[in-house]
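Q: For reference, the file work_17.pdb (PDB, C-alpha atoms) is included below:
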```pdb
ATOM      1  CA  MET A   1      48.020   0.126  47.214
ATOM      2  CA  GLN A   2      47.701  -2.312  50.090
ATOM      3  CA  ARG A   3      47.398  -6.069  50.035
ATOM      4  CA  ILE A   4      44.511  -7.727  48.178
ATOM      5  CA  ILE A   5      43.244 -11.279  48.696
ATOM      6  CA  PHE A   6      41.884 -13.110  45.650
ATOM      7  CA  TYR A   7      39.667 -16.083  46.435
ATOM      8  CA  GLY A   8      39.007 -18.873  43.950
ATOM      9  CA  ASP A   9      35.541 -20.259  43.285
ATOM     10  CA  PRO A  10      34.045 -20.806  46.766
ATOM     11  CA  HIS A  11      31.214 -23.164  45.759
ATOM     12  CA  GLY A  12      29.704 -22.335  49.134
ATOM     13  CA  ASP A  13      32.920 -22.586  51.167
ATOM     14  CA  PHE A  14      34.052 -19.150  52.324
ATOM     15  CA  SER A  15      35.891 -20.393  55.409
ATOM     16  CA  GLY A  16      39.329 -20.085  53.810
ATOM     17  CA  LEU A  17      38.625 -16.495  52.824
ATOM     18  CA  ILE A  18      37.414 -15.539  56.303
ATOM     19  CA  ARG A  19      40.455 -17.139  57.942
ATOM     20  CA  ALA A  20      42.891 -15.526  55.514
ATOM     21  CA  ALA A  21      41.308 -12.090  55.933
ATOM     22  CA  GLU A  22      41.397 -12.348  59.729
ATOM     23  CA  ALA A  23      45.053 -13.379  59.633
ATOM     24  CA  ARG A  24      46.351 -11.024  56.945
ATOM     25  CA  ARG A  25      44.033  -7.995  57.309
ATOM     26  CA  PRO A  26      44.024  -7.003  53.615
ATOM     27  CA  GLU A  27      42.605  -3.786  52.290
ATOM     28  CA  ALA A  28      40.369  -5.678  49.880
ATOM     29  CA  VAL A  29      39.145  -9.134  48.852
ATOM     30  CA  VAL A  30      38.103 -10.164  45.343
ATOM     31  CA  ILE A  31      36.097 -13.347  44.678
ATOM     32  CA  LEU A  32      36.444 -15.040  41.295
ATOM     33  CA  GLY A  33      32.963 -16.458  40.699
ATOM     34  CA  ASP A  34      30.907 -19.608  41.384
ATOM     35  CA  LEU A  35      29.962 -18.341  44.812
ATOM     36  CA  GLY A  36      27.619 -21.191  45.723
ATOM     37  CA  LEU A  37      25.075 -19.139  47.626
ATOM     38  CA  ALA A  38      22.209 -21.617  47.871
ATOM     39  CA  GLU A  39      21.936 -21.237  51.651
ATOM     40  CA  ALA A  40      22.773 -17.591  52.404
ATOM     41  CA  SER A  41      23.280 -14.268  50.644
ATOM     42  CA  LEU A  42      26.725 -12.841  49.930
ATOM     43  CA  ASP A  43      26.312  -9.963  52.390
ATOM     44  CA  ARG A  44      25.465 -12.419  55.162
ATOM     45  CA  VAL A  45      28.422 -14.691  54.356
ATOM     46  CA  LEU A  46      30.889 -11.797  54.168
ATOM     47  CA  ALA A  47      29.516  -9.826  57.135
ATOM     48  CA  PRO A  48      32.734 -10.328  59.192
ATOM     49  CA  LEU A  49      34.801  -8.743  56.414
ATOM     50  CA  VAL A  50      32.440  -5.847  55.848
ATOM     51  CA  GLU A  51      32.283  -5.153  59.585
ATOM     52  CA  ALA A  52      36.107  -5.118  59.666
ATOM     53  CA  GLY A  53      36.154  -2.419  56.976
ATOM     54  CA  ILE A  54      37.623  -4.659  54.265
ATOM     55  CA  GLN A  55      36.627  -3.689  50.729
ATOM     56  CA  VAL A  56      34.777  -6.428  48.829
ATOM     57  CA  ALA A  57      34.548  -6.986  45.067
ATOM     58  CA  TRP A  58      33.534 -10.020  43.016
ATOM     59  CA  VAL A  59      32.669 -11.388  39.612
ATOM     60  CA  HIS A  60      30.018 -13.976  38.918
ATOM     61  CA  GLY A  61      30.692 -17.411  37.481
ATOM     62  CA  ASN A  62      28.393 -19.800  35.651
ATOM     63  CA  HIS A  63      26.731 -21.240  38.765
ATOM     64  CA  GLU A  64      25.101 -17.963  39.814
ATOM     65  CA  SER A  65      22.364 -18.858  37.316
ATOM     66  CA  ASP A  66      21.835 -22.425  38.513
ATOM     67  CA  SER A  67      18.785 -21.401  40.553
ATOM     68  CA  VAL A  68      16.740 -18.338  41.410
ATOM     69  CA  ARG A  69      18.005 -18.547  44.985
ATOM     70  CA  GLU A  70      21.672 -18.534  43.963
ATOM     71  CA  HIS A  71      21.055 -15.695  41.518
ATOM     72  CA  ASP A  72      19.257 -13.507  44.028
ATOM     73  CA  HIS A  73      21.672 -14.245  46.878
ATOM     74  CA  ALA A  74      24.428 -12.813  44.681
ATOM     75  CA  PHE A  75      22.981 -10.135  42.411
ATOM     76  CA  LEU A  76      20.153  -8.813  44.588
ATOM     77  CA  CYS A  77      21.855  -8.714  47.975
ATOM     78  CA  ARG A  78      23.388  -5.604  49.543
ATOM     79  CA  LEU A  79      26.780  -6.457  48.017
ATOM     80  CA  GLY A  80      25.316  -7.006  44.569
ATOM     81  CA  ASN A  81      26.476  -3.583  43.400
ATOM     82  CA  LEU A  82      30.099  -4.606  44.038
ATOM     83  CA  ASN A  83      30.100  -6.973  41.064
ATOM     84  CA  LEU A  84      33.003  -5.902  38.823
ATOM     85  CA  HIS A  85      31.479  -7.316  35.648
ATOM     86  CA  GLY A  86      31.491  -4.875  32.746
ATOM     87  CA  ARG A  87      33.113  -1.976  34.570
ATOM     88  CA  VAL A  88      36.240  -0.660  36.250
ATOM     89  CA  MET A  89      36.366   0.028  39.998
ATOM     90  CA  GLU A  90      39.167   1.146  42.260
ATOM     91  CA  VAL A  91      39.985  -1.825  44.475
ATOM     92  CA  GLY A  92      42.899  -1.609  46.859
ATOM     93  CA  GLY A  93      44.264   1.368  44.963
ATOM     94  CA  LEU A  94      44.206  -0.389  41.585
ATOM     95  CA  ARG A  95      41.901   0.088  38.601
ATOM     96  CA  MET A  96      40.243  -3.316  38.486
ATOM     97  CA  ALA A  97      37.989  -4.505  35.648
ATOM     98  CA  GLY A  98      35.713  -7.529  35.658
ATOM     99  CA  LEU A  99      34.464 -10.070  33.144
ATOM    100  CA  GLY A 100      32.093 -12.460  34.888
ATOM    101  CA  GLY A 101      30.303 -15.486  33.523
ATOM    102  CA  VAL A 102      31.201 -17.968  30.805
ATOM    103  CA  PHE A 103      31.115 -18.348  27.045
ATOM    104  CA  ARG A 104      28.226 -20.452  25.753
ATOM    105  CA  GLY A 105      27.975 -21.763  22.213
ATOM    106  CA  LYS A 106      24.334 -20.761  21.778
ATOM    107  CA  VAL A 107      25.505 -17.148  22.097
ATOM    108  CA  TRP A 108      29.229 -17.040  21.333
ATOM    109  CA  TYR A 109      32.121 -19.428  21.616
ATOM    110  CA  PRO A 110      35.297 -17.543  20.677
ATOM    111  CA  GLY A 111      36.812 -18.947  17.507
ATOM    112  CA  THR A 112      33.395 -18.952  15.860
ATOM    113  CA  GLU A 113      31.126 -16.128  14.768
ATOM    114  CA  PRO A 114      28.774 -14.893  17.495
ATOM    115  CA  VAL A 115      25.180 -16.037  17.198
ATOM    116  CA  PHE A 116      24.127 -12.942  19.151
ATOM    117  CA  ARG A 117      26.339  -9.928  19.827
ATOM    118  CA  THR A 118      24.000  -8.313  22.356
ATOM    119  CA  ARG A 119      21.550  -9.318  25.052
ATOM    120  CA  SER A 120      18.780  -7.357  23.353
ATOM    121  CA  ALA A 121      19.237  -9.318  20.121
ATOM    122  CA  HIS A 122      19.201 -12.592  22.023
ATOM    123  CA  LEU A 123      16.135 -11.610  24.028
ATOM    124  CA  ALA A 124      14.264 -10.758  20.841
ATOM    125  CA  SER A 125      14.728 -14.362  19.678
ATOM    126  CA  PHE A 126      12.698 -15.753  22.613
ATOM    127  CA  PRO A 127       8.918 -15.823  22.831
ATOM    128  CA  LYS A 128       7.642 -13.844  25.799
ATOM    129  CA  ARG A 129       6.664 -17.029  27.626
ATOM    130  CA  ASP A 130      10.376 -17.859  27.886
ATOM    131  CA  HIS A 131      11.364 -14.492  29.369
ATOM    132  CA  TRP A 132      12.396 -14.453  33.008
ATOM    133  CA  ARG A 133      11.599 -11.311  34.990
ATOM    134  CA  ALA A 134      10.948  -9.511  31.699
ATOM    135  CA  GLY A 135      14.426 -10.390  30.439
ATOM    136  CA  LEU A 136      16.653 -13.220  29.349
ATOM    137  CA  PRO A 137      16.123 -16.737  30.692
ATOM    138  CA  LEU A 138      17.875 -17.329  34.002
ATOM    139  CA  ARG A 139      20.633 -19.481  32.482
ATOM    140  CA  HIS A 140      21.846 -16.661  30.251
ATOM    141  CA  ARG A 141      22.193 -14.174  33.093
ATOM    142  CA  THR A 142      25.738 -15.580  33.416
ATOM    143  CA  THR A 143      26.535 -15.773  29.701
ATOM    144  CA  ILE A 144      29.268 -13.596  28.180
ATOM    145  CA  TYR A 145      28.210 -11.567  25.129
ATOM    146  CA  PRO A 146      30.516  -9.826  22.638
ATOM    147  CA  GLU A 147      29.073  -6.516  23.815
ATOM    148  CA  ASP A 148      30.683  -7.128  27.223
ATOM    149  CA  LEU A 149      34.169  -7.235  25.728
ATOM    150  CA  ASP A 150      33.405  -4.310  23.428
ATOM    151  CA  LEU A 151      32.472  -2.173  26.424
ATOM    152  CA  LEU A 152      35.456  -3.175  28.532
ATOM    153  CA  ALA A 153      37.886  -2.664  25.642
ATOM    154  CA  SER A 154      36.976   1.032  25.659
ATOM    155  CA  LEU A 155      38.093   1.364  29.320
ATOM    156  CA  GLU A 156      41.467   1.335  31.074
ATOM    157  CA  ALA A 157      42.486  -0.948  33.928
ATOM    158  CA  ASP A 158      45.514  -2.250  35.808
ATOM    159  CA  VAL A 159      44.026  -5.691  36.510
ATOM    160  CA  LEU A 160      41.426  -7.756  34.634
ATOM    161  CA  VAL A 161      39.499 -10.165  36.873
ATOM    162  CA  CYS A 162      37.715 -12.979  35.038
ATOM    163  CA  HIS A 163      35.880 -16.178  35.730
ATOM    164  CA  GLU A 164      36.961 -17.734  32.417
ATOM    165  CA  ALA A 165      40.667 -18.350  31.800
ATOM    166  CA  PRO A 166      42.836 -16.540  29.245
ATOM    167  CA  GLY A 167      44.646 -18.219  26.370
ATOM    168  CA  CYS A 168      47.650 -19.534  28.321
ATOM    169  CA  HIS A 169      45.373 -22.120  29.979
ATOM    170  CA  PRO A 170      44.530 -25.239  27.910
ATOM    171  CA  HIS A 171      40.831 -24.423  28.264
ATOM    172  CA  GLY A 172      41.227 -20.650  28.054
ATOM    173  CA  PHE A 173      40.392 -18.032  25.460
ATOM    174  CA  GLY A 174      42.681 -15.710  23.534
ATOM    175  CA  VAL A 175      40.022 -13.008  23.378
ATOM    176  CA  ILE A 176      40.629 -12.443  27.093
ATOM    177  CA  ASP A 177      44.320 -11.820  26.400
ATOM    178  CA  GLU A 178      43.352  -9.354  23.668
ATOM    179  CA  LEU A 179      40.953  -7.618  26.027
ATOM    180  CA  ALA A 180      43.611  -7.205  28.720
ATOM    181  CA  ARG A 181      46.003  -5.666  26.222
ATOM    182  CA  ALA A 182      43.315  -3.334  24.868
ATOM    183  CA  MET A 183      42.644  -2.112  28.408
ATOM    184  CA  GLY A 184      46.324  -1.720  29.252
ATOM    185  CA  ALA A 185      46.025  -4.308  32.030
ATOM    186  CA  GLY A 186      49.284  -5.912  33.087
ATOM    187  CA  LEU A 187      47.652  -8.727  35.068
ATOM    188  CA  ILE A 188      44.772 -11.178  34.609
ATOM    189  CA  VAL A 189      43.425 -13.077  37.639
ATOM    190  CA  HIS A 190      40.871 -15.838  37.030
ATOM    191  CA  GLY A 191      39.024 -18.758  38.585
ATOM    192  CA  HIS A 192      36.742 -21.403  36.979
ATOM    193  CA  GLN A 193      39.455 -23.965  36.171
ATOM    194  CA  HIS A 194      40.212 -24.756  39.847
ATOM    195  CA  VAL A 195      43.970 -24.643  39.399
ATOM    196  CA  ASP A 196      46.603 -22.476  41.058
ATOM    197  CA  TYR A 197      49.329 -21.261  38.709
ATOM    198  CA  GLU A 198      51.239 -18.277  37.341
ATOM    199  CA  ASP A 199      52.062 -17.639  33.693
ATOM    200  CA  SER A 200      52.286 -14.826  31.173
ATOM    201  CA  ILE A 201      51.034 -14.288  27.664
ATOM    202  CA  GLY A 202      51.875 -11.461  25.302
ATOM    203  CA  GLY A 203      53.456  -9.444  28.101
ATOM    204  CA  VAL A 204      50.462  -9.843  30.433
ATOM    205  CA  ARG A 205      50.913 -11.750  33.705
ATOM    206  CA  VAL A 206      48.303 -14.378  34.564
ATOM    207  CA  ARG A 207      47.353 -15.826  37.934
ATOM    208  CA  GLY A 208      44.877 -18.681  38.208
ATOM    209  CA  VAL A 209      43.425 -19.412  41.643
ATOM    210  CA  ALA A 210      42.182 -22.826  42.717
ATOM    211  CA  GLU A 211      38.759 -23.660  44.168
ATOM    212  CA  ALA A 212      38.113 -22.184  47.637
ATOM    213  CA  THR A 213      41.746 -21.041  47.795
ATOM    214  CA  ALA A 214      43.066 -17.669  48.974
ATOM    215  CA  VAL A 215      46.145 -15.950  47.575
ATOM    216  CA  ILE A 216      47.357 -12.525  48.628
ATOM    217  CA  MET A 217      48.928  -9.913  46.374
ATOM    218  CA  ASP A 218      51.339  -7.445  47.935
ATOM    219  CA  GLU A 219      52.172  -3.848  47.027
ATOM    220  CA  ALA A 220      54.635  -5.044  44.362
ATOM    221  CA  MET A 221      51.876  -7.244  42.851
ATOM    222  CA  ARG A 222      53.614 -10.451  43.964
ATOM    223  CA  PHE A 223      51.457 -13.392  45.006
ATOM    224  CA  GLU A 224      51.682 -15.613  48.050
ATOM    225  CA  ALA A 225      49.435 -18.416  49.306
ATOM    226  CA  CYS A 226      47.482 -17.559  52.446
TER     227      CYS A 226
END
```
Could you write out this structure as structure tokens?
A:
Amino acid sequence: MQRIIFYGDPHGDFSGLIRAAEARRPEAVVILGDLGLAEASLDRVLAPLVEAGIQVAWVHGNHESDSVREHDHAFLCRLGNLNLHGRVMEVGGLRMAGLGGVFRGKVWYPGTEPVFRTRSAHLASFPKRDHWRAGLPLRHRTTIYPEDLDLLASLEADVLVCHEAPGCHPHGFGVIDELARAMGAGLIVHGHQHVDYEDSIGGVRVRGVAEATAVIMDEAMRFEAC
């Protein structure tokens, strides 16, 4: 496993990631959501990294459903299939799982019973006039459903990459800790809260990454600011 750069919520500013990648030449970069792609698609923004042969992976945040443009510039671009959400991919020699998006009370806010466990159940509650592209309304394309955690819990991973924070953060969620343990993941890396810190919970290490900030993880899974 070579070095991996994790980049906190860009909100349209990828300059720190490009600089860090040019300076440190990692094997892979992983972006932690809230891309902010109103002006250009992800493949266009990250073209220098792709051309340099650097592996790219990402999870979506809540802002990827702010507009059709931001949605399409992330999910429908040529790098859209590198979204880690709901699956495990090998990234930099590690089994990396992703949980993108956020919890929303109209679907499920952990600590309460889910209103809808699945997207299909939620979709069935909408009249057809409220469907978007024959599916859920745009806003809920970045909503976390219980079925997402159920699927991931059946898989194995070394690292769980999330947009939401786990339970060690004041605004985090214990269900993310439980998910990491179920998957056998020893590390959670997250964005969303715009704070850089390290912690641990229940034997799982946690690294939060601040907004538009790059940190690099070495072969021993130690972190360093770029």
Q: Counting all atoms listed in the file, which residue out of A:His11, A:Glu156, A:Glu113, A:Tyr197 sits closest to Arg95 in chain A?
A: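 Of the candidates, the smallest distance to Arg95 in chain A is held by A:Glu156.
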Q: Please enumerate the residues selected by the PyMOL selection byres ((chain A and resi 196) around 9) when evaluated against the supplied file, formatted as a list in words.
A: Gly8, Gly191, Gln193, His194, Val195, Tyr197, Glu198, Arg207, Gly208, Val209, Ala210, Glu211 and Thr213 of chain A
Q: Expand the PyMOL selection byres ((chain A and resi 218) around 12) into the explicit residue set it covers here, and present it as a PyMOL selection string.
A: chain A and resi 1-6+24-28+92-94+215-217+219-226
Q: When you look at Ala165 in chain A with a cut-off of 8 Å (counting all atoms listed in the file), what residues show up, excluding the ones that are within fewer than 4 positions of it in the same chain? I need them as a list of chain:residue names.
A: A:His169, A:His171, A:Gly172, A:Phe173, A:Ile176, A:His190, A:Gly191, A:His192, A:Gln193, A:Gly208
Q: For range 139-146 of chain A, work out the shell of residues within 9 Å, counting only C-alpha atoms and skipping chain neighbours fewer than 5 positions away, then give it as a ChimeraX atom specification.
A: /A:60-67,71,99-104,107-108,114,116-119,151
Q: Mind pulling up the distance from CA of Asp43 in chain A to CA of Leu76 in chain A?
A: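 Between CA of Leu76 in chain A and CA of Asp43 in chain A the gap is 10.0 Å.
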Q: Kindly indicate which residue among A:Met96, A:Val175, A:Leu37, A:Leu123 lies nearest to Ala157 in chain A, using all atoms listed in the file for the distances.
A: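 Among A:Met96, A:Val175, A:Leu37, A:Leu123, it is A:Met96 that comes nearest to Ala157 in chain A.
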